[in-house]
Amino acid sequence: MASQLFSDSQSALIRRGLTRSLKPGRLHFSAHSHHPWPDATESAHAQYWQDSTELLDSKWGKIFGTVIPESRSHLAKLLGLSDPSRLIEGTNTFELVYRVLSSFDPRKPLRILTTDSEFYSFERLSRRLSELEGVTIDRISTQPFENFEERMADQLKQTTYDVVFSSLVFFNSGFYATRLLDTLNANLPADTTVIIDLYHALGAVPVDLGKYATRFFLTGGGYKYLTAGEGACFLSVPDHCSLRPVMTGWMAEYHALEGGLSEQVRYAENGARFAGATYDPSAWYRMNAVQNWWREIGLTPENIHAHVRALQDYFLEKSGRPAKGYSTRTDWGNFLAIGSPQAQATVDVLRAQEIFVDARDGYLRVGFGYYHTTADVDAFIVALNKTAL
């Protein structure tokens with residue numbers, strides 16, 4: 001994809017929709033961690049309050065009848081899915097992943113293949129699971145990035161796994177494994193459960209996952225690049241899924257509750273089989289507001305990523321600071337990881353100046369968003385150079 005900056009008029013239009021979050025003097029380069037909320041989310045959040053006070057218990061009729069279907073439609077378009085009923089909601093991806101893992105009989109051996117670069121909650125969970133008798137966790141290093149998928153394929157040829165869990169864009173480096181999904185498709189038996197974490201991909205890089213959604217679980221959320229805030233997470237369920245999650249709640253039988261729960265625990269044929277229990281649905285009001293705002297001003301994952309790549313190239317050229325792995329692959333996510341033994345100290349010094357970045361594992365993570373301009377990057381470089389760290 002050709003890197004191309006937004007025009008001055010487009011950038012001005014974007015900034016007019018972010019007046020509450022991006023106050024004068026604030027430089028927010030943590031776009032990979034927490035995007036600023038667009039102004040449109042304020043009225044959306046207030047609408048949820050109004051529906052709750054006016055409709056009381058009946059609000060769920062509107063939520064499940066109007067709000068959630070709209071959100072699923074937005075997500076399906078972003079993901080390239082033809083069937084929004086694949087999708088089910090959760091408050092975070094950890095909860096959704098655990099619902100899938102709860103489908104496996106604890107009395108039987110369980111073997112999981114993952115990587116050394118997954119989000120911290122999954123890493124903690126997998127370490128704890130590996131303490132249990134019969135559970136084996138194998139990890140593939142994402143580095144060297146150049147042959148990650150080939151090494152994944154080799155491992156899959158050597159060992160049969162019950163579950164494979166991997167990100168598409170990795171949280172600690174920004175590495176985008178563009179060949180991963182085809183590699184898994186070509187090297188996995190049909191009965192292996194595959195879960196792909198899209199949290200650093202969706203809304204950051206263009207994806208078209210329709211052909212993979214029939215085979216893989218896909219999960220992600222709105223906290224980061226989709227700018228909807230906490231609580232807007234989803235799981236896309238593959239075709240002919242017969243897993244029976246132990247972590248199942250009343251929402252999995254929402255449409256049959258008037259007659260009481262069935263004697264046998266039944267599961268839907270679509271994403272609803274992984275439904276949970278009561279949650280705060282305000283995030284889905286915000287999700288809809290943000291996606292409608294994006295449509296109004298012409299934002300898409302394609303032009304966002306092209307804008308970000310141009311900013312990343314500009315930053316690397318102007319700052320002279322190398323980014324982890326950036327030159328070794330043809331594509332990358334929307335943040336850069338810059339090695340520094342004093343990464344956390346740099347974060348602290350910059351934050352005192354209302355400049356936001358973060359650090360992971362000795363790397364400064366610098367996230368670029370659709371709201372940045374080259375002037376923002378210039379100001380950030382000046383501040384970064386002054387830290388002398």
# chains A, B, ... in the order shown; residues from 1 in each chain; ligands from 1

$ residues_around --residues "Tyr225 of chain A" --least-positions-apart "4" --cutoff "9 Å" --atoms "only C-alpha atoms" --output "list in words"
Ala31, His32, Ser33, His34, His35, Tyr199, His200, Ala201, Leu202, Gly203, Ala204, Gly221 and Gly369 of chain A

$ residues_around --residues "Ile14 of chain A" --least-positions-apart "5" --cutoff "10 Å" --atoms "only C-alpha atoms" --output "ChimeraX atom specification"
/A:6,8-9,19,38,293-294,297-299,370-372

$ residues_around --residues "Ser30 of chain A" --least-positions-apart "4" --cutoff "6 Å" --atoms "only C-alpha atoms" --output "PyMOL selection string"
chain A and resi 356-357+367

$ residues_around --residues "Gly362 of chain A" --least-positions-apart "2" --cutoff "10 Å" --atoms "only C-alpha atoms" --output "ChimeraX atom specification"
/A:172,337-344,359-360,364-365

$ write_last_selection --atoms "C-alpha atoms" --output "compact mmCIF listing (two decimals), in the first residue's frame"
# COMPACT_ATOMS: atom_id res chain seq x y z
CA ASN A 172 5.34 -5.70 21.83
CA ALA A 337 9.19 -0.20 18.98
CA ILE A 338 12.45 1.64 19.65
CA GLY A 339 15.07 -0.10 21.76
CA SER A 340 16.28 1.80 24.82
CA PRO A 341 17.70 0.62 28.17
CA GLN A 342 15.94 3.60 29.72
CA ALA A 343 12.62 3.23 27.94
CA GLN A 344 10.47 3.56 31.06
CA ALA A 359 7.31 1.04 27.14
CA ARG A 360 7.36 -2.75 26.97
CA LEU A 364 9.73 2.56 23.70
CA ARG A 365 6.42 2.06 21.90

$ residues_around --residues "Phe170 of chain A" --least-positions-apart "2" --cutoff "9 Å" --atoms "only C-alpha atoms" --output "short mmCIF file (atom, residue, chain, number, x, y, z; two decimals) with C-alpha atoms, in the first residue's frame"
data_model
loop_
_atom_site.label_atom_id
_atom_site.label_comp_id
_atom_site.auth_asym_id
_atom_site.auth_seq_id
_atom_site.Cartn_x
_atom_site.Cartn_y
_atom_site.Cartn_z
CA SER A 117 4.66 -12.17 22.15
CA GLU A 118 1.02 -12.45 23.23
CA PHE A 119 -0.89 -9.99 25.39
CA THR A 142 8.33 -14.10 16.72
CA SER A 166 -1.54 -16.10 17.86
CA SER A 167 -1.80 -12.40 17.23
CA LEU A 168 -1.84 -11.04 13.70
CA ASN A 172 5.34 -5.70 21.83
CA SER A 173 6.88 -4.99 18.43
CA GLY A 174 4.22 -3.98 15.89
CA PHE A 175 5.26 -6.93 13.70
CA TYR A 176 2.45 -7.79 11.24
CA ALA A 177 2.53 -11.51 10.35
CA ASP A 197 -6.00 -11.98 18.23
CA TYR A 199 -6.47 -6.24 18.71
CA HIS A 200 -3.50 -4.51 17.06
CA ALA A 201 -4.75 -5.21 13.54
CA GLY A 333 1.43 -2.23 12.31
#

$ atom_distance --atom1 "atom CA of Thr115 of chain A" --atom2 "atom CA of Glu149 of chain A"
11.2 Å

$ residues_around --residues "Ala40 of chain A" --least-positions-apart "3" --cutoff "8 Å" --atoms "only C-alpha atoms" --output "list of chain:residue names"
A:Gly17, A:Ser43, A:Ala44, A:Arg286, A:Ala289, A:Val290, A:Trp293

$ residues_around --residues "segment 75-83 of chain A" --least-positions-apart "5" --cutoff "9 Å" --atoms "only C-alpha atoms" --output "PyMOL selection string"
chain A and resi 70+202-203+206-211+213+234+300-301

$ write_last_selection --atoms "C-alpha atoms" --output "tab-separated table (two decimals), in the first residue's frame"
chain	number	residue	atom	x	y	z
A	70	GLU	CA	-25.60	-2.09	14.11
A	202	LEU	CA	-8.40	-4.18	13.36
A	203	GLY	CA	-8.72	-0.50	12.52
A	206	PRO	CA	-6.59	-3.24	6.25
A	207	VAL	CA	-7.88	-6.79	6.71
A	208	ASP	CA	-10.23	-8.98	4.71
A	209	LEU	CA	-10.81	-12.06	6.83
A	210	GLY	CA	-13.95	-13.52	5.31
A	211	LYS	CA	-12.29	-16.68	4.00
A	213	ALA	CA	-13.57	-16.62	9.51
A	234	PHE	CA	-15.99	-9.42	20.06
A	300	THR	CA	-11.13	3.79	6.54
A	301	PRO	CA	-8.49	1.31	7.74

$ select_by_dssp --residues "segment 9-90 of chain A" --states "strand (DSSP E)" --output "PyMOL selection string"
chain A and resi 27-28+87-90

$ write_last_selection --atoms "C-alpha atoms" --output "PDB file, in the first residue's frame"
ATOM      1  CA  LEU A  27       0.931  15.072  22.187  1.00  0.00           C
ATOM      2  CA  HIS A  28      -0.611  11.629  22.285  1.00  0.00           C
ATOM      3  CA  LEU A  87     -20.044 -12.262  16.165  1.00  0.00           C
ATOM      4  CA  ILE A  88     -20.684 -12.292  19.890  1.00  0.00           C
ATOM      5  CA  GLU A  89     -19.843  -9.604  22.422  1.00  0.00           C
ATOM      6  CA  GLY A  90     -17.654  -9.554  25.509  1.00  0.00           C
TER       7      GLY A  90
END

$ atom_distance --atom1 "atom CA of Trp49 of chain A" --atom2 "atom CA of Ser282 of chain A"
8.2 Å

$ decode --residues "segment 164-218 of chain A" --atoms "C-alpha atoms" --output "short mmCIF file (atom, residue, chain, number, x, y, z; two decimals), in the first residue's frame"
data_model
loop_
_atom_site.label_atom_id
_atom_site.label_comp_id
_atom_site.auth_asym_id
_atom_site.auth_seq_id
_atom_site.Cartn_x
_atom_site.Cartn_y
_atom_site.Cartn_z
CA VAL A 164 -3.25 -22.54 18.28
CA PHE A 165 -3.35 -18.97 19.59
CA SER A 166 -1.54 -16.10 17.86
CA SER A 167 -1.80 -12.40 17.23
CA LEU A 168 -1.84 -11.04 13.70
CA VAL A 169 -0.02 -7.85 14.74
CA PHE A 170 2.06 -8.29 17.88
CA PHE A 171 1.68 -5.95 20.84
CA ASN A 172 5.34 -5.70 21.83
CA SER A 173 6.88 -4.99 18.43
CA GLY A 174 4.22 -3.98 15.89
CA PHE A 175 5.26 -6.93 13.70
CA TYR A 176 2.45 -7.79 11.24
CA ALA A 177 2.53 -11.51 10.35
CA THR A 178 1.05 -11.13 6.87
CA ARG A 179 1.56 -14.81 5.92
CA LEU A 180 0.33 -16.30 9.20
CA LEU A 181 -3.27 -17.11 8.31
CA ASP A 182 -2.39 -18.85 5.06
CA THR A 183 0.35 -20.77 6.89
CA LEU A 184 -2.13 -22.02 9.47
CA ASN A 185 -4.69 -22.93 6.82
CA ALA A 186 -2.14 -25.01 4.95
CA ASN A 187 -0.65 -26.86 7.91
CA LEU A 188 -3.43 -27.57 10.41
CA PRO A 189 -5.80 -30.52 10.72
CA ALA A 190 -9.47 -29.57 10.56
CA ASP A 191 -10.12 -30.31 14.23
CA THR A 192 -7.50 -27.92 15.62
CA THR A 193 -9.04 -24.85 17.27
CA VAL A 194 -7.39 -21.63 16.06
CA ILE A 195 -7.80 -18.28 17.84
CA ILE A 196 -6.41 -15.15 16.16
CA ASP A 197 -6.00 -11.98 18.23
CA LEU A 198 -6.76 -8.94 16.06
CA TYR A 199 -6.47 -6.24 18.71
CA HIS A 200 -3.50 -4.51 17.06
CA ALA A 201 -4.75 -5.21 13.54
CA LEU A 202 -8.40 -4.18 13.36
CA GLY A 203 -8.72 -0.50 12.52
CA ALA A 204 -4.94 -0.27 12.20
CA VAL A 205 -4.20 -2.27 9.05
CA PRO A 206 -6.59 -3.24 6.25
CA VAL A 207 -7.88 -6.79 6.71
CA ASP A 208 -10.23 -8.98 4.71
CA LEU A 209 -10.81 -12.06 6.83
CA GLY A 210 -13.95 -13.52 5.31
CA LYS A 211 -12.29 -16.68 4.00
CA TYR A 212 -10.52 -17.25 7.33
CA ALA A 213 -13.57 -16.62 9.51
CA THR A 214 -15.13 -19.88 8.34
CA ARG A 215 -12.24 -21.78 9.97
CA PHE A 216 -10.74 -19.60 12.74
CA PHE A 217 -11.94 -17.82 15.84
CA LEU A 218 -11.20 -14.10 15.52
#
